[in-house]
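Colleague: Sharing final.cif, mmCIF, C-alpha atoms:
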```cif
data_protein
loop_
_atom_site.label_atom_id
_atom_site.label_comp_id
_atom_site.auth_asym_id
_atom_site.auth_seq_id
_atom_site.Cartn_x
_atom_site.Cartn_y
_atom_site.Cartn_z
CA MET A 1 -10.19 -98.02 -20.16
CA LYS A 2 -8.67 -94.61 -20.92
CA PHE A 3 -7.82 -95.74 -24.44
CA SER A 4 -11.37 -97.00 -25.02
CA PHE A 5 -12.87 -93.70 -23.95
CA ASN A 6 -10.50 -91.77 -26.19
CA GLN A 7 -11.60 -93.92 -29.09
CA LEU A 8 -15.24 -93.34 -28.17
CA LYS A 9 -14.75 -89.58 -28.23
CA LYS A 10 -13.59 -89.84 -31.83
CA GLN A 11 -16.78 -91.56 -32.95
CA PRO A 12 -19.24 -89.36 -34.91
CA GLY A 13 -22.15 -91.11 -33.21
CA PHE A 14 -20.84 -90.10 -29.79
CA ALA A 15 -20.51 -86.50 -30.99
CA MET A 16 -24.11 -86.55 -32.26
CA ALA A 17 -25.39 -87.85 -28.91
CA LEU A 18 -23.44 -85.19 -27.01
CA ASN A 19 -24.56 -82.32 -29.22
CA PHE A 20 -28.14 -83.61 -29.04
CA THR A 21 -27.93 -83.50 -25.23
CA ILE A 22 -26.68 -79.92 -25.36
CA MET A 23 -29.75 -78.99 -27.42
CA LEU A 24 -32.01 -80.67 -24.86
CA VAL A 25 -30.52 -78.44 -22.17
CA VAL A 26 -31.07 -75.35 -24.36
CA TYR A 27 -34.72 -76.28 -24.94
CA MET A 28 -35.26 -76.86 -21.22
CA ILE A 29 -33.79 -73.45 -20.39
CA SER A 30 -36.04 -71.93 -23.07
CA ARG A 31 -39.06 -73.50 -21.40
CA TRP A 32 -38.28 -71.89 -18.05
CA VAL A 33 -37.58 -68.52 -19.70
CA PHE A 34 -40.90 -68.85 -21.56
CA TYR A 35 -42.68 -69.36 -18.26
CA ALA A 36 -40.81 -66.52 -16.54
CA MET A 37 -41.67 -64.03 -19.30
CA ASN A 38 -45.33 -65.08 -19.40
CA SER A 39 -45.93 -65.99 -15.75
CA GLN A 40 -48.85 -63.55 -15.51
CA TYR A 41 -50.86 -65.89 -17.73
CA PHE A 42 -50.15 -68.88 -15.46
CA PRO A 43 -51.01 -67.66 -11.94
CA ASP A 44 -51.80 -71.13 -10.60
CA VAL A 45 -48.58 -72.83 -11.74
CA THR A 46 -46.32 -73.78 -8.84
CA PHE A 47 -42.69 -74.87 -8.82
CA SER A 48 -43.84 -78.47 -8.46
CA ASP A 49 -46.09 -78.03 -11.49
CA MET A 50 -43.15 -76.69 -13.49
CA ILE A 51 -41.08 -79.74 -12.61
CA THR A 52 -43.89 -82.00 -13.80
CA MET A 53 -44.41 -80.03 -17.00
CA SER A 54 -40.67 -79.90 -17.67
CA TRP A 55 -40.43 -83.66 -17.29
CA GLY A 56 -43.33 -84.13 -19.70
CA GLY A 57 -41.94 -81.48 -22.02
CA LEU A 58 -38.75 -83.49 -22.34
CA ARG A 59 -40.64 -85.93 -24.57
CA PHE A 60 -41.67 -83.11 -26.89
CA ASP A 61 -38.14 -81.68 -26.90
CA ILE A 62 -36.69 -85.04 -27.90
CA SER A 63 -39.34 -85.43 -30.59
CA ALA A 64 -38.68 -81.98 -32.07
CA LEU A 65 -34.93 -82.46 -32.03
CA CYS A 66 -35.24 -85.86 -33.69
CA TYR A 67 -37.22 -84.27 -36.52
CA LEU A 68 -34.89 -81.29 -36.86
CA ASN A 69 -31.68 -83.32 -36.71
CA LEU A 70 -32.81 -86.32 -38.71
CA LEU A 71 -30.29 -85.63 -41.50
CA CYS A 72 -27.43 -85.08 -39.06
CA ILE A 73 -28.27 -88.26 -37.17
CA ALA A 74 -28.23 -90.24 -40.40
CA MET A 75 -24.94 -88.67 -41.48
CA GLN A 76 -23.24 -89.34 -38.16
CA PHE A 77 -24.35 -92.96 -37.82
CA VAL A 78 -24.28 -94.21 -41.40
CA PRO A 79 -21.59 -96.96 -41.56
CA LEU A 80 -19.15 -95.18 -43.89
CA LYS A 81 -15.50 -94.42 -43.22
CA LEU A 82 -16.03 -91.08 -44.90
CA ARG A 83 -17.49 -89.87 -41.61
CA HIS A 84 -14.01 -89.77 -40.11
CA THR A 85 -12.79 -86.86 -42.24
CA VAL A 86 -12.53 -83.19 -41.36
CA LYS A 87 -14.48 -81.97 -44.43
CA TYR A 88 -17.36 -84.34 -43.75
CA GLN A 89 -17.63 -83.23 -40.12
CA ARG A 90 -17.49 -79.58 -41.18
CA ILE A 91 -20.56 -80.15 -43.38
CA VAL A 92 -22.36 -81.91 -40.54
CA LYS A 93 -21.59 -79.00 -38.22
CA ILE A 94 -22.98 -76.45 -40.68
CA ILE A 95 -26.20 -78.42 -41.10
CA PHE A 96 -26.54 -79.01 -37.35
CA LEU A 97 -26.04 -75.37 -36.41
CA THR A 98 -28.33 -74.12 -39.19
CA VAL A 99 -31.37 -76.22 -38.31
CA ASN A 100 -30.95 -75.78 -34.58
CA ILE A 101 -30.47 -72.02 -34.81
CA VAL A 102 -33.81 -71.91 -36.61
CA GLY A 103 -35.31 -73.95 -33.76
CA ILE A 104 -33.90 -71.57 -31.14
CA VAL A 105 -35.17 -68.51 -33.02
CA VAL A 106 -38.77 -69.73 -33.36
CA ASN A 107 -38.74 -70.88 -29.73
CA ALA A 108 -37.53 -67.47 -28.58
CA ALA A 109 -40.01 -65.65 -30.83
CA ASP A 110 -42.87 -67.54 -29.24
CA ILE A 111 -41.92 -66.12 -25.85
CA VAL A 112 -43.14 -62.83 -27.28
CA TYR A 113 -45.89 -64.07 -29.58
CA PHE A 114 -47.68 -66.04 -26.84
CA GLU A 115 -48.91 -62.76 -25.37
CA PHE A 116 -50.89 -62.13 -28.55
CA GLY A 117 -51.80 -65.65 -29.67
CA GLY A 118 -52.33 -67.43 -26.36
CA ARG A 119 -50.78 -70.61 -27.75
CA ARG A 120 -47.65 -71.98 -29.35
CA THR A 121 -47.12 -70.93 -32.94
CA THR A 122 -48.04 -73.47 -35.62
CA TRP A 123 -47.36 -73.71 -39.34
CA MET A 124 -50.54 -71.71 -39.93
CA ILE A 125 -48.61 -68.55 -39.12
CA PHE A 126 -47.42 -68.44 -42.74
CA SER A 127 -50.99 -68.20 -43.98
CA GLU A 128 -51.97 -65.79 -41.20
CA PHE A 129 -49.20 -63.34 -42.08
CA GLY A 130 -49.09 -64.15 -45.79
CA GLY A 131 -50.71 -60.84 -46.73
CA GLU A 132 -48.65 -58.65 -44.41
CA SER A 133 -46.49 -56.06 -46.15
CA ASN A 134 -44.83 -54.57 -43.05
CA LEU A 135 -43.09 -57.62 -41.63
CA GLY A 136 -39.79 -55.76 -41.56
CA ARG A 137 -41.29 -53.06 -39.38
CA ILE A 138 -42.83 -55.66 -37.07
CA PHE A 139 -39.44 -57.35 -36.77
CA LEU A 140 -37.65 -54.11 -35.88
CA ASN A 141 -40.30 -53.19 -33.31
CA SER A 142 -39.97 -56.62 -31.68
CA ILE A 143 -36.22 -56.10 -31.29
CA THR A 144 -36.80 -52.72 -29.63
CA ASN A 145 -39.66 -53.75 -27.37
CA TYR A 146 -38.45 -57.23 -26.43
CA TRP A 147 -34.68 -56.88 -26.44
CA GLN A 148 -34.35 -59.24 -23.47
CA VAL A 149 -35.72 -62.11 -25.53
CA TRP A 150 -33.37 -61.41 -28.42
CA ILE A 151 -30.38 -61.28 -26.07
CA PHE A 152 -31.46 -64.65 -24.69
CA GLY A 153 -31.76 -66.08 -28.20
CA ILE A 154 -28.33 -64.79 -29.20
CA ALA A 155 -26.86 -66.24 -25.99
CA MET A 156 -28.33 -69.66 -26.74
CA ILE A 157 -27.07 -69.60 -30.33
CA SER A 158 -23.61 -68.60 -29.14
CA ALA A 159 -23.69 -71.39 -26.57
CA ILE A 160 -24.42 -74.20 -29.04
CA ALA A 161 -21.82 -72.84 -31.47
CA PHE A 162 -19.20 -72.71 -28.71
CA LEU A 163 -20.13 -76.04 -27.11
CA TYR A 164 -20.50 -77.97 -30.37
CA TYR A 165 -18.37 -81.07 -30.14
CA ASN A 166 -16.38 -82.02 -33.21
CA PRO A 167 -15.01 -85.57 -32.94
CA ILE A 168 -12.53 -85.31 -35.82
CA LYS A 169 -9.59 -82.95 -35.51
CA GLN A 170 -7.72 -84.50 -38.40
CA ASP A 171 -8.41 -87.16 -41.01
CA ARG A 172 -8.12 -90.67 -39.67
CA ALA A 173 -5.29 -92.75 -41.08
CA LYS A 174 -6.35 -95.64 -43.30
CA ASP A 175 -4.53 -98.18 -41.18
CA ASP A 176 -6.23 -96.87 -38.04
CA TYR A 177 -9.57 -98.56 -38.84
CA PRO A 178 -10.60 -101.99 -37.56
CA PRO A 179 -10.80 -104.75 -40.18
CA ALA A 180 -13.73 -104.39 -42.58
CA LYS A 181 -15.32 -107.59 -41.27
CA VAL A 182 -15.46 -105.96 -37.85
CA TYR A 183 -16.05 -102.29 -38.74
CA TYR A 184 -19.11 -102.66 -40.97
CA PRO A 185 -21.12 -105.22 -38.94
CA VAL A 186 -20.55 -103.26 -35.73
CA HIS A 187 -21.40 -99.88 -37.21
CA CYS A 188 -24.40 -101.29 -39.08
CA ALA A 189 -25.75 -102.54 -35.76
CA ILE A 190 -25.10 -99.12 -34.17
CA PHE A 191 -26.82 -97.43 -37.11
CA LEU A 192 -29.93 -99.61 -36.71
CA LEU A 193 -29.98 -98.93 -32.97
CA ALA A 194 -29.72 -95.18 -33.63
CA LEU A 195 -32.54 -95.45 -36.18
CA LEU A 196 -34.73 -97.27 -33.66
CA LEU A 197 -34.05 -94.67 -30.96
CA THR A 198 -34.76 -91.83 -33.40
CA ILE A 199 -38.12 -93.32 -34.34
CA ALA A 200 -38.94 -93.82 -30.66
CA GLY A 201 -37.89 -90.27 -29.84
CA SER A 202 -39.91 -88.68 -32.64
CA ARG A 203 -43.04 -90.71 -31.81
CA GLY A 204 -42.72 -90.34 -28.04
CA GLY A 205 -42.24 -94.09 -27.54
CA LEU A 206 -42.10 -97.42 -29.34
CA SER A 207 -45.37 -98.95 -28.20
CA LEU A 208 -47.50 -99.91 -31.18
CA LYS A 209 -50.64 -99.22 -29.16
CA MET A 210 -49.82 -95.53 -28.71
CA HIS A 211 -50.22 -92.84 -31.34
CA PRO A 212 -47.33 -90.44 -32.08
CA LEU A 213 -47.10 -87.39 -29.88
CA ARG A 214 -49.63 -84.69 -30.69
CA GLN A 215 -50.15 -81.22 -29.32
CA ASP A 216 -53.08 -82.32 -27.17
CA SER A 217 -50.81 -84.93 -25.54
CA ALA A 218 -49.22 -82.06 -23.60
CA GLU A 219 -52.38 -81.69 -21.53
CA LEU A 220 -51.47 -84.91 -19.72
CA TYR A 221 -48.81 -82.97 -17.83
CA CYS A 222 -50.73 -79.80 -16.92
CA ASN A 223 -53.85 -78.77 -15.05
CA GLN A 224 -55.30 -76.36 -17.59
CA PRO A 225 -55.25 -76.39 -21.41
CA LEU A 226 -53.44 -73.04 -21.56
CA GLU A 227 -50.53 -74.50 -19.62
CA ALA A 228 -49.85 -76.89 -22.50
CA ALA A 229 -47.84 -74.05 -24.05
CA ILE A 230 -45.25 -74.57 -21.30
CA VAL A 231 -44.97 -78.28 -22.01
CA LEU A 232 -44.70 -77.84 -25.77
CA ASN A 233 -41.98 -76.22 -27.81
CA THR A 234 -42.49 -74.23 -30.99
CA PRO A 235 -40.42 -76.40 -33.37
CA PHE A 236 -42.62 -79.35 -32.40
CA THR A 237 -45.90 -77.49 -32.96
CA MET A 238 -44.71 -76.17 -36.31
CA ILE A 239 -43.36 -79.48 -37.58
CA THR A 240 -46.46 -81.44 -36.58
CA THR A 241 -48.77 -78.96 -38.33
CA ALA A 242 -46.71 -78.49 -41.49
CA HIS A 243 -48.91 -80.96 -43.41
CA LYS A 244 -52.12 -79.24 -42.42
CA HIS A 245 -53.82 -76.68 -44.62
CA GLY A 246 -55.08 -73.33 -43.49
CA TYR A 247 -58.65 -72.13 -43.60
CA LYS A 248 -60.25 -72.49 -47.01
CA ASP A 249 -62.89 -70.02 -48.07
CA PRO A 250 -66.09 -72.05 -48.67
CA LYS A 251 -67.25 -69.31 -51.04
CA PHE A 252 -70.73 -68.84 -49.63
CA PHE A 253 -73.41 -67.26 -51.83
CA LYS A 254 -74.17 -63.62 -51.32
CA ASN A 255 -77.71 -62.75 -50.25
CA ASP A 256 -78.82 -61.55 -53.68
CA GLU A 257 -77.31 -64.64 -55.32
CA ILE A 258 -79.22 -66.93 -52.97
CA ILE A 259 -82.51 -65.16 -53.68
CA ASN A 260 -82.02 -65.27 -57.45
CA PHE A 261 -81.01 -68.93 -57.39
CA PHE A 262 -83.98 -69.85 -55.21
CA LEU A 263 -86.54 -67.97 -57.27
CA GLU A 264 -85.24 -69.44 -60.53
CA SER A 265 -85.23 -73.01 -59.29
CA ARG A 266 -88.43 -72.99 -57.19
CA GLU A 267 -90.85 -73.34 -60.10
CA LYS A 268 -88.68 -75.99 -61.74
CA ARG A 269 -88.61 -78.08 -58.55
CA ILE A 270 -92.38 -77.88 -58.17
CA LYS A 271 -93.11 -78.88 -61.76
CA ASN A 272 -90.73 -81.83 -61.65
CA ILE A 273 -92.22 -83.51 -58.56
CA GLY A 274 -93.01 -87.10 -59.44
CA PRO A 275 -94.00 -90.35 -57.72
CA GLU A 276 -90.37 -91.11 -56.84
CA ASP A 277 -90.09 -87.84 -54.92
CA VAL A 278 -92.85 -88.60 -52.47
CA SER A 279 -91.01 -91.07 -50.28
CA GLN A 280 -93.15 -91.49 -47.21
CA LEU A 281 -96.57 -90.63 -45.83
CA ILE A 282 -96.85 -90.29 -42.08
CA ASP A 283 -100.39 -90.89 -40.93
CA LEU A 284 -101.22 -89.13 -37.68
CA ASN A 285 -104.87 -90.18 -37.64
CA ALA A 286 -104.63 -91.58 -34.12
CA ALA A 287 -102.35 -88.90 -32.74
CA SER A 288 -103.68 -86.60 -30.10
CA GLU A 289 -104.25 -82.94 -30.83
CA GLU A 290 -101.69 -82.02 -28.15
CA PHE A 291 -98.96 -84.08 -29.82
CA ILE A 292 -99.74 -82.65 -33.25
CA ASN A 293 -99.67 -79.06 -32.03
CA ASN A 294 -96.38 -79.69 -30.24
CA PHE A 295 -94.91 -81.19 -33.41
CA LEU A 296 -95.96 -78.23 -35.50
CA ASN A 297 -94.65 -75.68 -33.01
CA ASN A 298 -91.24 -77.36 -32.70
CA ASN A 299 -90.65 -77.99 -36.39
CA PHE A 300 -92.48 -75.26 -38.25
CA LYS A 301 -92.67 -72.35 -35.86
CA LYS A 302 -90.94 -70.00 -38.30
CA PHE A 303 -91.99 -71.72 -41.50
CA ASP A 304 -94.94 -70.65 -43.68
CA LEU A 305 -95.54 -73.13 -46.49
CA LYS A 306 -97.88 -70.85 -48.44
CA GLU A 307 -95.45 -67.95 -48.24
CA PHE A 308 -92.67 -70.24 -49.39
CA PHE A 309 -94.50 -71.47 -52.52
CA GLY A 310 -96.46 -68.33 -53.26
CA ASP A 311 -98.55 -68.68 -56.40
CA GLN A 312 -97.29 -72.21 -56.90
CA TYR A 313 -98.70 -73.50 -53.62
CA ASP A 314 -101.88 -75.02 -55.11
CA THR A 315 -99.89 -76.54 -57.96
CA PHE A 316 -97.53 -78.19 -55.52
CA ILE A 317 -100.33 -79.66 -53.42
CA GLN A 318 -102.13 -80.89 -56.54
CA LYS A 319 -98.96 -82.61 -57.74
CA ILE A 320 -98.67 -84.46 -54.45
CA PHE A 321 -102.28 -85.69 -54.50
CA GLU A 322 -101.95 -86.89 -58.10
CA ASN A 323 -99.45 -89.45 -56.86
CA PHE A 324 -102.07 -91.06 -54.61
CA LYS A 325 -104.92 -92.30 -56.80
CA GLU A 326 -106.60 -94.18 -53.97
CA PRO A 327 -105.83 -92.39 -50.72
CA SER A 328 -106.85 -94.02 -47.50
CA ASP A 329 -109.04 -92.53 -44.82
CA PHE A 330 -107.29 -89.24 -44.10
CA SER A 331 -107.76 -87.27 -40.92
CA ASN A 332 -107.84 -83.49 -40.79
CA ILE A 333 -104.04 -83.23 -40.49
CA LYS A 334 -101.51 -84.99 -42.69
CA ILE A 335 -97.74 -84.61 -42.80
CA TRP A 336 -96.03 -85.40 -46.09
CA LYS A 337 -92.31 -86.11 -46.04
CA ILE A 338 -90.60 -85.31 -49.33
CA SER A 339 -87.23 -86.68 -50.36
CA PRO A 340 -84.39 -84.12 -50.10
CA ASN A 341 -83.81 -83.81 -53.83
CA VAL A 342 -87.15 -82.04 -54.23
CA ASN A 343 -86.24 -78.89 -52.31
CA GLU A 344 -83.06 -79.56 -50.39
CA GLU A 345 -82.30 -75.88 -49.81
CA VAL A 346 -85.22 -75.12 -47.52
CA LEU A 347 -88.16 -77.51 -47.51
CA LYS A 348 -87.93 -80.75 -45.53
CA TYR A 349 -91.54 -81.39 -44.71
CA CYS A 350 -94.84 -80.49 -46.29
CA ILE A 351 -97.88 -79.90 -44.12
CA ARG A 352 -101.35 -79.88 -45.52
CA ARG A 353 -104.68 -79.36 -43.73
CA ILE A 354 -107.54 -81.14 -45.46
CA SER A 355 -110.94 -79.70 -44.69
#
```
Kindly present the structure from the file in structure tokens form.
Modeller:
Amino acid sequence: MKFSFNQLKKQPGFAMALNFTIMLVVYMISRWVFYAMNSQYFPDVTFSDMITMSWGGLRFDISALCYLNLLCIAMQFVPLKLRHTVKYQRIVKIIFLTVNIVGIVVNAADIVYFEFGGRRTTWMIFSEFGGESNLGRIFLNSITNYWQVWIFGIAMISAIAFLYYNPIKQDRAKDDYPPAKVYYPVHCAIFLLALLLTIAGSRGGLSLKMHPLRQDSAELYCNQPLEAAIVLNTPFTMITTAHKHGYKDPKFFKNDEIINFFLESREKRIKNIGPEDVSQLIDLNAASEEFINNFLNNNFKKFDLKEFFGDQYDTFIQKIFENFKEPSDFSNIKIWKISPNVNEEVLKYCIRRIS
């Protein structure tokens, strides 16, 4: 049994699982530090609530770490004997520490940034601060004003560097491997199992009926939307929003541009009204006066048709009547509905009183 465990400790996959667990502990500690530093914003959170949110947050921690360490997981479980060399493991260690140090830094930075943003940081921060020219000054001020957070971050980085488990102390002898017909089938099966667990971890489960974890999924474990920041971690929120685009300027017209465009196109729209533009006639001959007045007040309270058309008002009305050679028995009030392509900017309905 002792020999089997010693062999297990030399497996790269075992090392990956152990280092992954260490990162889970670091993220959990970061969650409690995040709450402690921002407790004034969560006055109703109890110790029991923190336990619940920490348990739910574990799913988001696993998901974030699966995304961050995807390359390392693949390198440590791929069925190649090259994994059992010192140089290979040194490369894996560099990659592992690099990506996870970045994760620790952004997680620690959010302990401070939450006070100003009221939420976990997303990928949009790059567009929000894209025009800033004094980022260096902001960084230096954050170190001075929030030195406790930076000490915590440095402590966590030092911890994962010190606790990192390297399974290979020296290159494995060629005759120390199992036969190829045993080594490759076994390690291929382990690789597929690791792949399945990684997919499950990143999605938050394997059920086909569930969607992958999203930021709003965190609200399942808290009482108020703001508390979702405790459940989440910053690497997760940044990774899951990396594909989203920031706010795009719709390039609205300026006031003078709108007026010029409207005045230039108004006469053209009126002259081009044809039979195909008059789509429907609503006959309110039998409607009561109360209903008609209510309709007019609700739909045209701030709309003056004559003021809208100005000098072209009579021309517009004449164009409409030319399309009805044999009108039926009209009452005193008629409502004409014009298709949107006639005057889609403003006019939706045309009202005409016939004396």
Colleague: Can you work out which one of A:Thr241, A:Thr21, A:Thr122, A:Gln76 has the shortest atom-to-atom distance to His187 (chain A), counting all atoms listed in the file?
Modeller: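 Closest to His187 (chain A), using all atoms listed in the file: A:Gln76.
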Colleague: Would you please work out which residue, of A:Leu65, A:Val86, A:Ala36, A:Leu80, is nearest to Val102 (chain A) when using only C-alpha atoms?
Modeller: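 Ranking A:Leu65, A:Val86, A:Ala36, A:Leu80 by distance to Val102 (chain A), first place goes to A:Leu65.
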Colleague: Considering only C-alpha atoms, can you say which of A:Ser63, A:Gln11, A:Asn107, A:Thr46 comes closest to Met156 (chain A)?
Modeller: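 Under the stated criterion, the closest residue is A:Asn107.
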Colleague: Could you check which of A:His243, A:Gln7, A:Ala189, A:Tyr35 is closest to Ile111 (chain A), using all atoms listed in the file?
Modeller: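 Under the stated criterion, the closest residue is A:Tyr35.
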Colleague: Hey, can you check how far CA of Phe77 (chain A) sits from CA of Arg90 (chain A)?
Modeller: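 Computing the Euclidean distance for CA of Phe77 (chain A) and CA of Arg90 (chain A) yields 15.4 Å.
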Colleague: Report the distance between CA of Met210 (chain A) and CA of Arg120 (chain A) in Å, rounded to one decimal place.
Modeller: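 Taking CA of Met210 (chain A) and CA of Arg120 (chain A), their separation equals 23.7 Å.
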Colleague: Residues near Asn38 (chain A), anyone? I mean within 10 Å using all atoms listed in the file, not counting same-chain ones fewer than 4 positions away, as a ChimeraX atom specification.
Modeller: /A:32-34,42-43,111-112,114-115,230
Colleague: Give me the residues near Thr237 (chain A) as JSON, numbers by chain, where near means some atom within 10 Å (using all atoms listed in the file) and where sequence neighbours in that chain fewer than 6 positions away do not count.
Modeller: {"A": [60, 64, 119, 120, 121, 122, 123, 214, 215, 229]}
